[in-house]
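Take a look at the structure set out below.
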Amino acid sequence: MSQILTLRRPDDMHLHLRDGAMLAAVAPESARDFARAIIMPNLVPPVVTGVQAAAYRDRILAALPDGAAFEPLMTLYLTEGTDPADIAAAAASGLVKAVKLYPAGATTNSHGGVRDLAKVMPVLEKMAEIGLPLCTHGEVTTPEVDIFDREAVFIDTVLDPLRRRIPELRVVMEHITTKEGVAYAASGDNLAATITTHHLILNRNHILVGGIKPHYYCLPVAKREKHRLALRNAATSGDARYFLGTDSAPHIDALKEHACGCAGCFTATNTMPLLAHVFEEDGALDRLEAFTSLNGATFYGLPLSEARLTLEKTDTPVIFPEKILSGAGPVTVFDPGFAVHWRVRA
Ligand code: NCD
Ligand code: ZN
C-alpha cells in the first residue's frame with residue numbers, strides 16, 4: 001500500500017514571482033501546491049510603496065488559474081527613501097506583511113537597496129512599534145569579505161548590532177545557509193529564519209565538482225556540507241523558529257547558462273515532493289507540516305490554512321517537468337540529482 005501524508009496546505013514564506021510573461025508562467029506553479037506566499041519585492045523597478053504593492057498584488061491575482069486558492073502576501077522593498085508613514089499605512093490596511101532589507105548589491109535587483117542602515121532607522125523603529133517584520137537578505141557586500149563568509153559576517157556586524165539597538169523589531173533571517181545562521185536564529189526573541197528546499201539538498205561541491213552547474217547557483221551560495229547538515233537538523237527539528245521559504249527564483253535559461261549567470265534556483269514546481277524526500281530520509285516526516293504549514297503562519301500571525309495537501313509515495317521515481325516554458329524563455333526546474341518517490345496528489 002502506498003504511503004500517504006496529508007498536511008495543512010503549505011505556505012511559502014519567501015517567493016519570487018517576477019512580473020509580466022514570467023509571472024504568468026510561474027504563478028500557477030506555486031498556486032498548485034501552496035496556500036499563501038510571502039512575495040519578494042525585487043522587481044525592476046522594485047515594489048517600494050503601498051500603491052505599488054497593491055498593483056503588483058492585482059497582477060499576481062490576474063495571473064492565477066481560475067479557481068486557484070492562493071493568497072499573495074505582499075512585502076515592500078526597503079530603500080533609504082522609504083517613508084515610515086507609507087509603510088505603517090500599508091501594514092494597517094492588511095496589504096503588506098513584511099519589509100525586505102536588501103543590502104545594496106547583495107543579490108538580483110538589489111542596487112536600490114540599503115547602503116547605510118543608519119538612514120533607515122526611523123523606518124525600522126516604526127516597524128518595531130507596529131510589529132511589522134523585517135525580512136533580511138543576510139549578506140554583507142564588502143568586497144574584502146569572502147562570498148562564503150558573507151552570511152556569518154552579516155550576523156556579527158549588521159544583524160546583531162541592529163537587534164541590540166531595536167530588540168522589539170521582529171526579524172526573519174531569510175534563506176539561511178550556515179550553522180551560524182541556524183544558531184543565531186535560535187538565540188533570542190522576535191527572531192525566526194526561513195530555509196530553502198535547495199539548501200537542504202546542495203552543498204558547494206554540488207555546484208562546482210565535475211563541471212559548473214549554473215542551475216545550482218543561487219544567493220546566498222550553498223556552503224560546506226557541515227552547514228547543509230545544520231540546516232537539515234534545524235528544518236526537521238520541528239522548532240517553531242524555522243520555516244519554509246523556497247526562495248524559488250526563476251531566471252530564463254539564457255541568463256542562467258551565461259558567462260555571468262544569474263543567481264536563483266527554480267523550485268516552485270517540485271518543492272513539496274523534494275521536502276517529503278528530505279524529511280523521510282531524516283526520519284522526520286511527522287515534522288514536515290510544522291516546517292511547511294505551521295511555523296511560518298504562526299510567526300506572521302496568520303490563521304493556519306484550513307485546506308489540505310496530500311503527498312503520496314510512489315513505487316517508481318516521479319518525473320518532474322525539466323523546464324517551464326514562459327513567454328520570456330524556458331526556465332529549468334530544480335533537479336535534485338537523485339530519484340524522488342513522492343508526488344502531490346492531484
Ligand atoms: C533571488 C532572485 O533571483 O531574485 N536570487 C537568489 O539567488 N536567491 C534574489 C535573492 O533572494 O537573493
Ligand atoms: Zn529570494
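Naming works like this for the C-alpha cells: A, B, ... for the chains as they're shown, residue 1 at the start of each chain, ligands 1 onward in shown order.
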Rows by chain and residue number, chain A within 7 Å of ligand 2, shortest pair, only C-alpha atoms and all ligand atoms, as a tab-separated table:
```
residue	atom	partner	partner_atom_place_in_ligand_line	distance
A:His14	CA	ligand 2	1 (Zn)	6.2
A:Leu15	CA	ligand 2	1 (Zn)	6.3
A:His16	CA	ligand 2	1 (Zn)	6.3
A:Met40	CA	ligand 2	1 (Zn)	6.6
A:Asp247	CA	ligand 2	1 (Zn)	4.4
A:Ala249	CA	ligand 2	1 (Zn)	6.4
```
| said: Within 9 Å of ligand 1 (counting only C-alpha atoms and all ligand atoms), which residues show up? I'd like them as a ChimeraX atom specification. | reply: /A:14-18,40-43,102,106-110,137,174-175,217-221,247-251,262-265
| Which of region 124-335 of chain A fall in alpha helix (DSSP H), as a PyMOL selection string | chain A and resi 124-130+150-154+160-165+179-185+204-208+225-236+253-256+271-281+288-289+295-300
| field | Residue among A:His215, A:His199, A:Arg164, A:Arg57 lying closest to Leu255 (chain A), counting only C-alpha atoms | value |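 Counting only C-alpha atoms, the residue closest to Leu255 (chain A) is A:His215.
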| remark: Correct to one decimal, the distance CA of Ala27 (chain A)-CA of Leu64 (chain A) is 6.1 Å
| field | CA of Pro10 (chain A) to CA of Phe338 (chain A), distance in Å rounded to a single decimal | value |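 Result for CA of Pro10 (chain A) versus CA of Phe338 (chain A): 23.4 Å, one decimal.
Ranking A:Ala69, A:Leu202, A:Leu23, A:Val333 by their shortest atom-to-atom distance to Asn270 (chain A), with only C-alpha atoms included, puts A:Val333 first.
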To test your reading of the structure, identify every residue in region 210-340 of chain A that backbone DSSP assigns to strand (DSSP E), and report it as a tab-separated table (two decimals) with C-alpha atoms, in the first residue's frame.
```tsv
chain	number	residue	atom	x	y	z
A	242	TYR	CA	12.50	27.66	11.32
A	243	PHE	CA	10.10	27.52	8.41
A	244	LEU	CA	9.99	27.07	4.65
A	308	ARG	CA	-5.09	20.26	2.93
A	309	LEU	CA	-2.39	18.90	0.62
A	310	THR	CA	-1.79	15.18	0.23
A	311	LEU	CA	1.57	13.68	-0.68
A	312	GLU	CA	1.86	10.07	-1.72
A	313	LYS	CA	4.83	7.79	-2.01
A	323	LYS	CA	11.50	23.08	-17.82
A	324	ILE	CA	8.65	25.54	-17.53
A	325	LEU	CA	8.05	27.43	-20.76
A	326	SER	CA	7.47	31.12	-20.20
A	329	GLY	CA	12.01	31.86	-22.44
A	330	PRO	CA	12.43	28.43	-20.80
A	331	VAL	CA	13.11	28.11	-17.06
A	332	THR	CA	14.82	24.98	-15.75
```
| CA of Val140 (chain A) to CA of Val153 (chain A), straight-line distance in Å | 6.7 Å
